[in-house]
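*Asks:* start.cif (mmCIF, C-alpha atoms and all ligand atoms) pasted underneath:
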```
data_coords
loop_
_atom_site.label_atom_id
_atom_site.label_comp_id
_atom_site.auth_asym_id
_atom_site.auth_seq_id
_atom_site.Cartn_x
_atom_site.Cartn_y
_atom_site.Cartn_z
CA MET A 1 -67.65 -16.14 -13.90
CA LEU A 2 -67.44 -15.14 -10.24
CA LEU A 3 -63.84 -14.94 -9.00
CA ILE A 4 -63.15 -15.70 -5.35
CA HIS A 5 -59.99 -14.76 -3.49
CA CYS A 6 -58.65 -17.74 -1.54
CA PRO A 7 -56.84 -16.46 1.59
CA TYR A 8 -54.54 -19.53 1.56
CA CYS A 9 -53.66 -19.58 -2.15
CA LYS A 10 -53.60 -15.74 -2.13
CA GLU A 11 -55.11 -15.65 -5.59
CA LYS A 12 -58.46 -14.83 -7.19
CA LEU A 13 -59.72 -18.06 -8.67
CA PRO A 14 -62.79 -19.28 -10.55
CA GLU A 15 -65.90 -20.04 -8.53
CA LEU A 16 -65.95 -23.58 -10.02
CA GLU A 17 -63.09 -24.55 -7.70
CA PHE A 18 -65.06 -23.58 -4.56
CA GLU A 19 -68.06 -24.77 -2.64
CA TYR A 20 -70.32 -23.00 -0.19
CA ALA A 21 -70.36 -24.41 3.32
CA GLY A 22 -72.97 -22.54 5.36
CA GLN A 23 -73.01 -19.65 7.82
CA ALA A 24 -69.68 -18.80 9.49
CA HIS A 25 -68.75 -18.28 13.16
CA ILE A 26 -71.09 -20.89 14.60
CA ALA A 27 -69.17 -22.55 17.41
CA ARG A 28 -70.07 -26.09 18.42
CA PRO A 29 -71.05 -26.15 22.11
CA ASP A 30 -68.24 -27.62 24.23
CA ASN A 31 -70.55 -30.01 25.99
CA PRO A 32 -73.60 -30.94 23.90
CA ALA A 33 -75.00 -33.13 26.70
CA GLU A 34 -75.54 -30.01 28.83
CA GLN A 35 -77.56 -28.25 26.16
CA THR A 36 -81.30 -27.91 26.41
CA ASP A 37 -83.27 -29.23 23.46
CA ALA A 38 -83.96 -25.65 22.36
CA GLU A 39 -80.29 -24.64 22.54
CA TRP A 40 -79.21 -27.74 20.61
CA ARG A 41 -81.90 -27.16 18.00
CA ASP A 42 -80.69 -23.57 17.58
CA TYR A 43 -77.11 -24.74 17.17
CA LEU A 44 -78.04 -27.38 14.61
CA PHE A 45 -80.71 -25.72 12.54
CA ILE A 46 -81.31 -22.06 13.22
CA ARG A 47 -79.47 -19.76 10.84
CA SER A 48 -79.85 -16.12 9.98
CA ASN A 49 -81.22 -15.36 6.56
CA VAL A 50 -79.46 -12.11 5.85
CA ARG A 51 -80.35 -9.74 3.12
CA GLY A 52 -77.05 -7.88 2.87
CA ASP A 53 -73.58 -8.67 4.20
CA HIS A 54 -73.36 -12.28 5.34
CA ALA A 55 -70.40 -14.06 6.97
CA GLU A 56 -70.18 -17.55 5.56
CA GLN A 57 -67.87 -20.50 5.14
CA TRP A 58 -66.47 -21.58 1.81
CA ARG A 59 -64.13 -24.37 0.87
CA HIS A 60 -61.50 -24.24 -1.85
CA SER A 61 -62.33 -27.87 -2.54
CA HIS A 62 -60.74 -28.21 -5.98
CA GLY A 63 -57.65 -26.21 -5.01
CA CYS A 64 -55.83 -26.10 -1.70
CA GLY A 65 -58.68 -27.97 0.00
CA ARG A 66 -59.05 -25.45 2.86
CA TYR A 67 -62.14 -24.04 4.50
CA PHE A 68 -62.10 -20.26 4.90
CA ASN A 69 -64.58 -17.52 5.77
CA ALA A 70 -66.03 -14.87 3.52
CA LEU A 71 -68.14 -11.79 3.92
CA ARG A 72 -70.48 -11.67 0.96
CA ASN A 73 -73.37 -9.42 0.09
CA THR A 74 -76.33 -11.68 -0.60
CA VAL A 75 -78.05 -9.09 -2.77
CA SER A 76 -75.19 -8.13 -5.09
CA ASP A 77 -73.35 -11.48 -4.69
CA LYS A 78 -70.20 -9.40 -4.23
CA PHE A 79 -67.44 -10.78 -1.98
CA ILE A 80 -66.42 -8.00 0.43
CA ALA A 81 -63.64 -9.97 2.10
CA THR A 82 -62.30 -13.48 2.52
CA TYR A 83 -60.22 -14.46 5.54
CA GLU A 84 -58.61 -17.46 7.19
CA ILE A 85 -60.46 -19.69 9.62
CA GLY A 86 -59.84 -18.45 13.18
CA GLN A 87 -59.70 -14.79 12.24
CA ALA A 88 -62.42 -12.40 13.35
CA CYS A 89 -65.03 -11.22 10.91
CA PRO A 90 -63.82 -7.91 9.42
CA THR A 91 -65.40 -5.17 11.56
CA SER A 92 -65.10 -2.35 9.06
CA HIS A 93 -68.45 -3.44 7.74
CA ALA A 94 -70.22 -3.45 11.09
CA GLU A 95 -72.38 -0.58 10.01
CA GLY A 96 -73.56 -2.71 7.10
CA GLU A 97 -74.95 -5.26 9.50
CA GLU A 98 -77.38 -2.74 10.91
CA ASN A 99 -78.86 -2.45 7.48
CA ASN A 100 -79.40 -6.17 7.17
CA GLU A 101 -83.01 -7.06 7.09
CA GLN A 102 -83.65 -10.31 8.87
CA LEU A 103 -86.41 -12.21 7.16
CA GLU A 104 -88.96 -13.18 9.79
CA SER A 105 -89.92 -16.82 9.90
CA MET B 106 -52.24 -22.96 -39.91
CA ALA B 107 -50.24 -26.05 -38.95
CA PHE B 108 -51.07 -27.67 -35.66
CA ASN B 109 -48.04 -28.92 -33.79
CA SER B 110 -49.11 -30.01 -30.33
CA THR B 111 -49.27 -33.49 -28.89
CA VAL B 112 -51.33 -35.16 -26.18
CA GLU B 113 -49.95 -38.37 -24.69
CA THR B 114 -50.35 -40.45 -21.56
CA LEU B 115 -47.14 -41.00 -19.61
CA PRO B 116 -45.74 -44.23 -18.16
CA GLN B 117 -46.58 -44.91 -14.53
CA MET B 118 -44.63 -42.86 -12.00
CA GLY B 119 -44.29 -43.02 -8.23
CA ARG B 120 -46.57 -40.57 -6.40
CA PHE B 121 -46.99 -39.82 -2.73
CA SER B 122 -49.30 -37.53 -0.85
CA LEU B 123 -47.43 -35.91 2.05
CA ARG B 124 -49.22 -34.07 4.85
CA CYS B 125 -47.50 -32.52 7.83
CA LYS B 126 -47.55 -29.52 10.15
CA ARG B 127 -45.40 -26.50 9.43
CA GLU B 128 -42.99 -27.20 12.31
CA ASN B 129 -42.14 -30.59 10.81
CA THR B 130 -41.28 -29.43 7.30
CA VAL B 131 -37.58 -29.12 8.15
CA ALA B 132 -37.47 -32.80 9.11
CA MET B 133 -39.42 -33.72 5.94
CA SER B 134 -36.94 -31.84 3.78
CA LYS B 135 -34.09 -33.73 5.44
CA ALA B 136 -35.72 -37.10 4.77
CA LEU B 137 -36.36 -36.13 1.17
CA GLY B 138 -32.90 -34.73 0.50
CA PHE B 139 -33.99 -31.25 -0.54
CA GLU B 140 -36.20 -28.47 0.71
CA LEU B 141 -39.99 -28.66 0.46
CA PRO B 142 -41.49 -25.68 -1.37
CA SER B 143 -43.02 -23.23 1.09
CA SER B 144 -45.77 -21.56 -0.92
CA ILE B 145 -48.76 -23.07 -2.66
CA SER B 146 -48.22 -23.95 -6.35
CA GLU B 147 -44.42 -23.95 -6.01
CA THR B 148 -42.37 -26.98 -7.04
CA ALA B 149 -38.92 -28.16 -6.04
CA GLN B 150 -36.91 -30.96 -7.52
CA SER B 151 -33.71 -32.88 -7.32
CA GLY B 152 -32.77 -35.73 -9.65
CA ASN B 153 -35.86 -37.81 -10.35
CA ARG B 154 -37.77 -36.51 -7.34
CA SER B 155 -40.04 -33.53 -7.45
CA VAL B 156 -42.43 -31.98 -4.96
CA LEU B 157 -45.39 -29.70 -5.54
CA LYS B 158 -47.10 -27.79 -2.73
CA LEU B 159 -50.86 -28.18 -3.11
CA GLY B 160 -52.21 -26.76 0.13
CA PRO B 161 -51.03 -25.20 3.42
CA ASP B 162 -50.05 -28.63 4.79
CA GLU B 163 -50.11 -30.79 1.68
CA TRP B 164 -47.48 -31.75 -0.88
CA MET B 165 -47.40 -34.17 -3.80
CA LEU B 166 -44.14 -36.01 -4.27
CA THR B 167 -43.33 -37.71 -7.57
CA CYS B 168 -40.47 -40.11 -8.20
CA LEU B 169 -39.45 -43.20 -10.15
CA MET B 170 -41.50 -46.31 -9.31
CA GLU B 171 -38.37 -48.10 -8.05
CA GLU B 172 -37.51 -45.24 -5.67
CA ARG B 173 -40.68 -45.62 -3.66
CA SER B 174 -39.49 -48.05 -1.01
CA ALA B 175 -36.36 -45.98 -0.32
CA ILE B 176 -38.54 -42.88 0.18
CA GLU B 177 -40.94 -44.75 2.45
CA ARG B 178 -38.02 -45.98 4.55
CA SER B 179 -36.42 -42.56 4.96
CA PHE B 180 -39.72 -40.97 6.04
CA ALA B 181 -40.55 -43.88 8.38
CA ALA B 182 -37.22 -43.27 10.12
CA ILE B 183 -38.17 -39.72 11.13
CA TYR B 184 -41.78 -40.51 12.04
CA PRO B 185 -41.27 -40.73 15.84
CA ASP B 186 -39.87 -37.18 15.95
CA ALA B 187 -41.82 -35.59 13.12
CA VAL B 188 -45.35 -36.91 12.77
CA HIS B 189 -46.68 -36.85 9.23
CA SER B 190 -48.72 -38.82 6.74
CA LEU B 191 -47.08 -40.25 3.64
CA THR B 192 -49.42 -42.18 1.37
CA ASP B 193 -48.50 -44.01 -1.81
CA ILE B 194 -51.01 -42.85 -4.42
CA SER B 195 -49.01 -43.99 -7.45
CA SER B 196 -51.84 -45.93 -9.07
CA ARG B 197 -54.55 -43.37 -8.31
CA GLU B 198 -53.74 -41.10 -11.22
CA VAL B 199 -52.59 -41.26 -14.81
CA SER B 200 -50.51 -38.41 -16.18
CA ILE B 201 -51.25 -36.79 -19.50
CA ARG B 202 -48.66 -34.55 -21.14
CA ILE B 203 -49.79 -31.77 -23.47
CA SER B 204 -46.97 -30.12 -25.34
CA GLY B 205 -46.55 -27.79 -28.24
CA PRO B 206 -47.29 -24.18 -29.17
CA GLU B 207 -51.06 -24.68 -28.78
CA ALA B 208 -50.83 -26.50 -25.42
CA GLU B 209 -52.10 -23.60 -23.31
CA GLU B 210 -54.99 -22.91 -25.66
CA LEU B 211 -55.92 -26.60 -25.75
CA LEU B 212 -56.25 -26.61 -21.96
CA THR B 213 -58.35 -23.47 -21.89
CA THR B 214 -61.09 -25.43 -23.69
CA SER B 215 -61.97 -27.10 -20.36
CA CYS B 216 -60.02 -25.36 -17.57
CA PRO B 217 -61.52 -22.22 -15.98
CA ARG B 218 -58.19 -20.92 -14.62
CA ASP B 219 -56.30 -18.09 -16.26
CA LEU B 220 -53.42 -20.24 -17.49
CA ALA B 221 -51.43 -17.23 -18.68
CA VAL B 222 -50.62 -16.42 -15.03
CA LEU B 223 -49.43 -19.97 -14.26
CA LYS B 224 -45.66 -19.68 -14.56
CA SER B 225 -43.31 -22.41 -15.76
CA GLY B 226 -42.36 -24.78 -12.97
CA ARG B 227 -45.58 -24.20 -11.03
CA GLY B 228 -48.53 -26.48 -10.51
CA VAL B 229 -52.02 -26.31 -9.05
CA ARG B 230 -54.96 -28.49 -8.20
CA THR B 231 -57.87 -27.27 -10.27
CA ILE B 232 -60.77 -28.49 -12.33
CA PHE B 233 -60.96 -29.70 -15.94
CA ASP B 234 -64.53 -29.96 -17.17
CA SER B 235 -65.81 -30.97 -13.69
CA VAL B 236 -62.91 -33.41 -13.14
CA GLN B 237 -60.47 -32.53 -10.37
CA VAL B 238 -56.93 -32.56 -11.74
CA ILE B 239 -53.44 -31.50 -10.82
CA LEU B 240 -52.10 -29.27 -13.55
CA THR B 241 -48.37 -28.57 -13.76
CA ARG B 242 -46.73 -26.23 -16.20
CA GLU B 243 -43.50 -28.13 -16.85
CA ASP B 244 -42.32 -25.61 -19.40
CA ASN B 245 -43.79 -22.66 -21.24
CA ASN B 246 -45.32 -24.93 -23.89
CA GLN B 247 -45.58 -28.12 -21.88
CA PHE B 248 -48.19 -29.10 -19.31
CA ARG B 249 -48.89 -32.24 -17.31
CA LEU B 250 -52.34 -33.21 -16.12
CA ASP B 251 -52.59 -35.76 -13.31
CA VAL B 252 -56.06 -37.24 -13.61
CA TRP B 253 -57.76 -39.82 -11.41
CA ARG B 254 -57.68 -43.09 -13.36
CA SER B 255 -61.42 -43.52 -13.87
CA PHE B 256 -61.76 -40.01 -15.33
CA VAL B 257 -58.98 -40.47 -17.90
CA PRO B 258 -61.24 -41.66 -20.77
CA HIS B 259 -63.41 -38.57 -20.26
CA VAL B 260 -60.48 -36.13 -20.17
CA MET B 261 -58.66 -37.81 -23.07
CA GLY B 262 -61.91 -37.78 -25.04
CA LEU B 263 -62.31 -34.03 -24.55
CA LEU B 264 -58.68 -33.36 -25.45
CA THR B 265 -58.95 -35.55 -28.57
CA VAL B 266 -62.01 -33.60 -29.73
CA ALA B 267 -60.23 -30.30 -29.00
CA VAL B 268 -57.17 -31.44 -30.97
CA ALA B 269 -59.39 -32.46 -33.92
CA GLU B 270 -61.09 -29.06 -33.86
CA PHE B 271 -57.78 -27.21 -33.72
CA GLU B 272 -56.43 -29.31 -36.59
CA CYS B 273 -59.28 -28.37 -38.89
CA GLY B 274 -58.98 -24.73 -37.86
CA LEU B 275 -62.16 -24.34 -35.76
ZN ZN C 1 -56.99 -22.12 -1.86
#
```
With the file now loaded, output its structure as structure tokens.
Ligand SMILES: [Zn+2]
*Replies:*
Amino acid sequence: MLLIHCPYCKEKLPELEFEYAGQAHIARPDNPAEQTDAEWRDYLFIRSNVRGDHAEQWRHSHGCGRYFNALRNTVSDKFIATYEIGQACPTSHAEGEENNEQLES
Amino acid sequence: MAFNSTVETLPQMGRFSLRCKRENTVAMSKALGFELPSSISETAQSGNRSVLKLGPDEWMLTCLMEERSAIERSFAAIYPDAVHSLTDISSREVSIRISGPEAEELLTTSCPRDLAVLKSGRGVRTIFDSVQVILTREDNNQFRLDVWRSFVPHVMGLLTVAVAEFECGL
């Protein structure tokens, strides 16, 4: 079974206690009424489809209950890092992002 | 091999869910009469009251049923200065106690956690065959499962089957 490190519980715990919650670091626009239709559509629906390291949100739903962020490789399914909400995405893997192939729509 | 463990449901106990910000934990501890545990999975107790830290801002408080109104009053008194949420969830769950030399192994039949690393006196929210539970290790060979009422027949059913299998040496 996949073990995921929860940054709040500070423990590696079984995947069954967690749930995936979409791409990370997508900030809600401060004033949605000022958004153009295209900008609002992008905020709501447009996500990257990374083949490689992907920053995403997870929730330790059957544990401490907290949302946190994780950097996970979508090919190997390996978790590179997990970190608390509000922290920056670990930059040590920036070079990995260049290797990400974006799947064209 | 003799099987010497027991599985029993416990009489109703008082239970509260307490949520508050870090800066208010000192006031909470004062209202409670002893210090709230500061790291997740830690418990603290005094007399009949015990507190388990479940999340960064969440604690479960257990007590005698008759103590509940006194606890509600003492927390209500500090509310204006230390905002928090204290919810009586006494009837939400039923507690099941599993005790005996095979207790840990019995739980591993449906719990994905590595129970060997859960020390005595610690507790966690986890999962038991898809049911969310609060699992406390009361002693080395004694565990308590707090299970939402409607899931109790399912959990007890699984434990009964596991006990039967252990008894006939499977
Ligand atoms: Zn956690």
*Asks:* Quick one: which residues from chain B are at most 7 Å off chain A, using all atoms listed in the file, as a ChimeraX atom specification?
*Replies:* /B:145,159-161,217-218,229-232,237
*Asks:* For a test of reading the model, state the distance in Å between atom CA of B:Met261 and atom CA of B:Glu172, rounded to one decimal.
*Replies:*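 Result for atom CA of B:Met261 versus atom CA of B:Glu172: 28.4 Å, one decimal.
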*Asks:* Please list as a VMD selection string every residue within 7 Å of B:Phe121, counting all atoms listed in the file and excluding residues in the same chain fewer than 4 positions away.
*Replies:* chain B and resid 165 to 167 191 to 195
*Asks:* Which residue, B:Pro185, B:Gly205, B:Pro142, B:Pro258, has the smallest gap to B:Ser155 when you use all atoms listed in the file?
*Replies:*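 For B:Ser155, the nearest of the candidates is B:Pro142.
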*Asks:* By how many Å are atom CA of B:Met170 and atom CA of B:Asn245 apart?
*Replies:* 26.6 Å
*Asks:* Just the number, please: distance in Å from atom CA of B:Ser122 to atom CA of B:Ala182, one decimal.
*Replies:*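 If I compute the distance from atom CA of B:Ser122 to atom CA of B:Ala182, I get 17.3 Å.
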*Asks:* Taking only C-alpha atoms into account, name the residue in B:Leu250, B:Leu275, B:Val238, B:Ile183 that is nearest to B:Leu137.
*Replies:*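 For B:Leu137, the nearest of the given residues is B:Ile183.
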*Asks:* Rank A:Thr82, A:Gln23, A:Ser76, A:Gln87 by their smallest atom-to-atom distance to ligand ZN 1 (chain C), using only C-alpha atoms and all ligand atoms, and report the top residue only.
*Replies:*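 Checking each of A:Thr82, A:Gln23, A:Ser76, A:Gln87 against ligand ZN 1 (chain C), counting only C-alpha atoms and all ligand atoms, the winner is A:Thr82.
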*Asks:* Could you list as a list in words every residue that has an atom within 8 Å of (-67.4, -16.3, 5.3), using the file's coordinates and counting all atoms listed in the file?
*Replies:*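 I get Gln23, Ala24, His54, Ala55, Glu56, Gln57, Trp58, Phe68, Asn69, Ala70, Leu71, Arg72, Thr82, Tyr83 and Cys89 of chain A for the residues within 8 Å of that point.
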